[in-house]
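Single-structure report; data block below.
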Amino acid sequence: MSEILDLLIPARCASCGAPGAPCCPVCQAVWGSLSETTRAPTTGLVPVYALARYADEARRLILAYKERGRRDLAPSLGRAVAEALPLLPTEQDAGWWLVPVPSRRHASRVRGGPHIQRVAEECAKFLSHKGKRATVAPVLSLKAGVRDAARLTRAERAANLDGRVRLAAEAVPPKGTPVILLDDVITTGATAAACTKLLAASGIHVHAVVALAAAG
């Protein structure tokens, strides 16, 4: 059915509109090498990396994926993360455990499911095809009462998440494995810090946070 739809309604790049693919090769190139990003909540806690600045093509692609129903972008976003992971200063012999940053329940419903988890799964699939091991561990969730953080200050974001990130302790990655926390956009770093601290409290060390883009 998807092949028939592709013939009837060819895919267009979600960023520039070029026909042929959900993300054309030119716009895919926006996901460059990893750049370390400094945020107050994560300083001294965990290194944070982003594949692009949250602007132009990167912003259009992320918004199309998150807010405009372009779920067909998941494979290209997953591939971008998969190509960046080997650049991390992290031991890879045991493979990676990818922990997606959770979304609010309402946001997940609107977006057709947990959008970061979908990117993580595509990332793991791409790595598997390259003979590398990666396991997706969607062990984090948000409790009721978490507000949309879009217009919150850094202090408000931290307070918004305080005590509201939940861990499925029975499904956590094995201790000692390289755990990567995946996010779409790093803004203040409050979410990454809250998730990292919760995992650390359960004996799980987050080696790095990797985001598609960094705001600011």
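Just remember, in the structure tokens the first chain shown is A, the second B, etc., residues are 1-based per chain, and ligands are 1-based in the order shown.
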Set out as a Markdown table a contact list for range 181-211 of chain A and range 119-124 of chain A with a cut-off of 10 Å, giving each residue of range 181-211 of chain A that qualifies its closest atom pair and distance in Å to one decimal, counting only C-alpha atoms, ordered by chain and rising residue number.
```
| residue | atom | partner | partner_atom | distance |
| --- | --- | --- | --- | --- |
| A:Leu181 | CA | A:Ala120 | CA | 9.8 |
| A:Leu182 | CA | A:Ala120 | CA | 7.3 |
| A:Asp183 | CA | A:Val119 | CA | 9.4 |
| A:Asp184 | CA | A:Val119 | CA | 9.2 |
```
Shortest interatomic distance to Leu212 in chain A - which of A:Ala14, A:Ala74, A:Ala40, A:Val81, counting only C-alpha atoms: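 Residue with the minimum atom-to-atom distance to Leu212 in chain A: A:Val81.
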DSSP-assigned alpha helix (DSSP H) among range 28-138 of chain A, expressed as number ranges by chain: A: 28, 56-67, 74-84, 105-110, 115-129
Using only C-alpha atoms, what table do you get, as CSV, when you list each residue of range 35-89 of chain A with an atom no more than 12 Å from range 132-140 of chain A, its nearest pair of atoms, and their distance in Å rounded to one decimal, rows by chain then rising number?
```
residue,atom,partner,partner_atom,distance
A:Gly78,CA,A:Val136,CA,12.0
A:Val81,CA,A:Ala134,CA,11.8
A:Ala82,CA,A:Ala134,CA,9.5
A:Glu83,CA,A:Lys132,CA,11.3
A:Leu85,CA,A:Ala134,CA,10.4
A:Pro86,CA,A:Lys132,CA,9.9
```
Once you have the residues from the selection above, write them out as a short mmCIF file (atom, residue, chain, number, x, y, z; two decimals), in the first residue's frame, restricted to N, CA and C atoms.
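Just written: result-v2.cif:
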```cif
data_model
loop_
_atom_site.label_atom_id
_atom_site.label_comp_id
_atom_site.auth_asym_id
_atom_site.auth_seq_id
_atom_site.Cartn_x
_atom_site.Cartn_y
_atom_site.Cartn_z
N GLY A 78 16.52 8.93 12.31
CA GLY A 78 17.21 7.82 12.96
C GLY A 78 18.57 7.56 12.34
N VAL A 81 21.15 10.11 13.58
CA VAL A 81 21.66 9.80 14.92
C VAL A 81 22.63 8.62 14.84
N ALA A 82 22.26 7.60 14.07
CA ALA A 82 23.11 6.41 13.97
C ALA A 82 24.48 6.74 13.39
N GLU A 83 24.53 7.65 12.44
CA GLU A 83 25.81 8.02 11.84
C GLU A 83 26.65 8.87 12.80
N LEU A 85 26.56 8.53 16.33
CA LEU A 85 26.94 7.81 17.56
C LEU A 85 28.38 7.30 17.56
N PRO A 86 28.88 6.77 16.45
CA PRO A 86 30.28 6.30 16.49
C PRO A 86 31.30 7.41 16.77
#
```
Determine, counting only C-alpha atoms, which protein, DNA and RNA residues have an atom within 7 Å of an atom of Ala211 in chain A; residues of the same chain fewer than 2 positions away are not included. Present the result as a PDB file with all heavy atoms, in the first residue's frame.
```
ATOM      1  N   TYR A  49      25.443  16.589  23.379  1.00  0.00           N
ATOM      2  CA  TYR A  49      25.853  16.823  21.995  1.00  0.00           C
ATOM      3  C   TYR A  49      24.615  17.052  21.126  1.00  0.00           C
ATOM      4  O   TYR A  49      23.551  16.489  21.385  1.00  0.00           O
ATOM      5  CB  TYR A  49      26.623  15.632  21.447  1.00  0.00           C
ATOM      6  CG  TYR A  49      27.876  15.301  22.215  1.00  0.00           C
ATOM      7  CD1 TYR A  49      27.844  14.432  23.303  1.00  0.00           C
ATOM      8  CD2 TYR A  49      29.107  15.856  21.861  1.00  0.00           C
ATOM      9  CE1 TYR A  49      28.988  14.127  24.018  1.00  0.00           C
ATOM     10  CE2 TYR A  49      30.260  15.559  22.570  1.00  0.00           C
ATOM     11  CZ  TYR A  49      30.192  14.692  23.645  1.00  0.00           C
ATOM     12  OH  TYR A  49      31.331  14.393  24.354  1.00  0.00           O
ATOM     13  N   ALA A  50      24.791  17.851  20.096  1.00  0.00           N
ATOM     14  CA  ALA A  50      23.711  18.086  19.137  1.00  0.00           C
ATOM     15  C   ALA A  50      24.259  17.939  17.725  1.00  0.00           C
ATOM     16  O   ALA A  50      25.438  18.210  17.467  1.00  0.00           O
ATOM     17  CB  ALA A  50      23.113  19.481  19.329  1.00  0.00           C
ATOM     18  N   LEU A  51      23.370  17.518  16.814  1.00  0.00           N
ATOM     19  CA  LEU A  51      23.766  17.315  15.426  1.00  0.00           C
ATOM     20  C   LEU A  51      23.629  18.582  14.594  1.00  0.00           C
ATOM     21  O   LEU A  51      24.165  18.649  13.486  1.00  0.00           O
ATOM     22  CB  LEU A  51      22.918  16.218  14.788  1.00  0.00           C
ATOM     23  CG  LEU A  51      23.317  14.760  15.038  1.00  0.00           C
ATOM     24  CD1 LEU A  51      23.162  14.383  16.495  1.00  0.00           C
ATOM     25  CD2 LEU A  51      22.472  13.833  14.170  1.00  0.00           C
ATOM     26  N   LEU A 182      18.488  10.047  24.306  1.00  0.00           N
ATOM     27  CA  LEU A 182      18.159  10.696  23.044  1.00  0.00           C
ATOM     28  C   LEU A 182      17.059  11.740  23.223  1.00  0.00           C
ATOM     29  O   LEU A 182      16.057  11.479  23.892  1.00  0.00           O
ATOM     30  CB  LEU A 182      17.702   9.665  22.012  1.00  0.00           C
ATOM     31  CG  LEU A 182      18.748   8.681  21.477  1.00  0.00           C
ATOM     32  CD1 LEU A 182      18.133   7.823  20.378  1.00  0.00           C
ATOM     33  CD2 LEU A 182      19.970   9.406  20.958  1.00  0.00           C
ATOM     34  N   ASP A 183      17.235  12.900  22.584  1.00  0.00           N
ATOM     35  CA  ASP A 183      16.233  13.964  22.642  1.00  0.00           C
ATOM     36  C   ASP A 183      16.132  14.605  21.253  1.00  0.00           C
ATOM     37  O   ASP A 183      16.973  14.364  20.384  1.00  0.00           O
ATOM     38  CB  ASP A 183      16.639  15.012  23.678  1.00  0.00           C
ATOM     39  CG  ASP A 183      15.459  15.803  24.211  1.00  0.00           C
ATOM     40  OD1 ASP A 183      14.339  15.641  23.675  1.00  0.00           O
ATOM     41  OD2 ASP A 183      15.643  16.577  25.162  1.00  0.00           O
ATOM     42  N   ASP A 184      15.076  15.388  21.049  1.00  0.00           N
ATOM     43  CA  ASP A 184      14.967  16.077  19.766  1.00  0.00           C
ATOM     44  C   ASP A 184      15.656  17.438  19.806  1.00  0.00           C
ATOM     45  O   ASP A 184      16.520  17.733  18.992  1.00  0.00           O
ATOM     46  CB  ASP A 184      13.503  16.203  19.322  1.00  0.00           C
ATOM     47  CG  ASP A 184      12.602  16.773  20.395  1.00  0.00           C
ATOM     48  OD1 ASP A 184      13.100  17.240  21.434  1.00  0.00           O
ATOM     49  OD2 ASP A 184      11.368  16.748  20.202  1.00  0.00           O
ATOM     50  N   VAL A 185      15.293  18.280  20.778  1.00  0.00           N
ATOM     51  CA  VAL A 185      15.886  19.615  20.868  1.00  0.00           C
ATOM     52  C   VAL A 185      16.339  19.878  22.306  1.00  0.00           C
ATOM     53  O   VAL A 185      15.563  19.696  23.249  1.00  0.00           O
ATOM     54  CB  VAL A 185      14.879  20.701  20.450  1.00  0.00           C
ATOM     55  CG1 VAL A 185      15.535  22.077  20.528  1.00  0.00           C
ATOM     56  CG2 VAL A 185      14.371  20.452  19.037  1.00  0.00           C
ATOM     57  N   ILE A 186      17.573  20.292  22.458  1.00  0.00           N
ATOM     58  CA  ILE A 186      18.081  20.734  23.754  1.00  0.00           C
ATOM     59  C   ILE A 186      17.799  22.224  23.870  1.00  0.00           C
ATOM     60  O   ILE A 186      18.236  23.020  23.024  1.00  0.00           O
ATOM     61  CB  ILE A 186      19.589  20.467  23.885  1.00  0.00           C
ATOM     62  CG1 ILE A 186      19.864  18.969  23.986  1.00  0.00           C
ATOM     63  CG2 ILE A 186      20.162  21.188  25.103  1.00  0.00           C
ATOM     64  CD1 ILE A 186      19.373  18.331  25.263  1.00  0.00           C
ATOM     65  N   VAL A 209      24.200  12.682  26.326  1.00  0.00           N
ATOM     66  CA  VAL A 209      22.902  13.052  25.783  1.00  0.00           C
ATOM     67  C   VAL A 209      23.141  13.464  24.341  1.00  0.00           C
ATOM     68  O   VAL A 209      24.035  14.266  24.060  1.00  0.00           O
ATOM     69  CB  VAL A 209      22.272  14.223  26.564  1.00  0.00           C
ATOM     70  CG1 VAL A 209      20.944  14.634  25.935  1.00  0.00           C
ATOM     71  CG2 VAL A 209      22.084  13.855  28.029  1.00  0.00           C
ATOM     72  N   ALA A 213      19.061  18.653  17.665  1.00  0.00           N
ATOM     73  CA  ALA A 213      19.420  20.067  17.530  1.00  0.00           C
ATOM     74  C   ALA A 213      19.503  20.731  18.899  1.00  0.00           C
ATOM     75  O   ALA A 213      18.941  20.249  19.873  1.00  0.00           O
ATOM     76  CB  ALA A 213      18.408  20.795  16.657  1.00  0.00           C
TER      77      ALA A 213
END
```
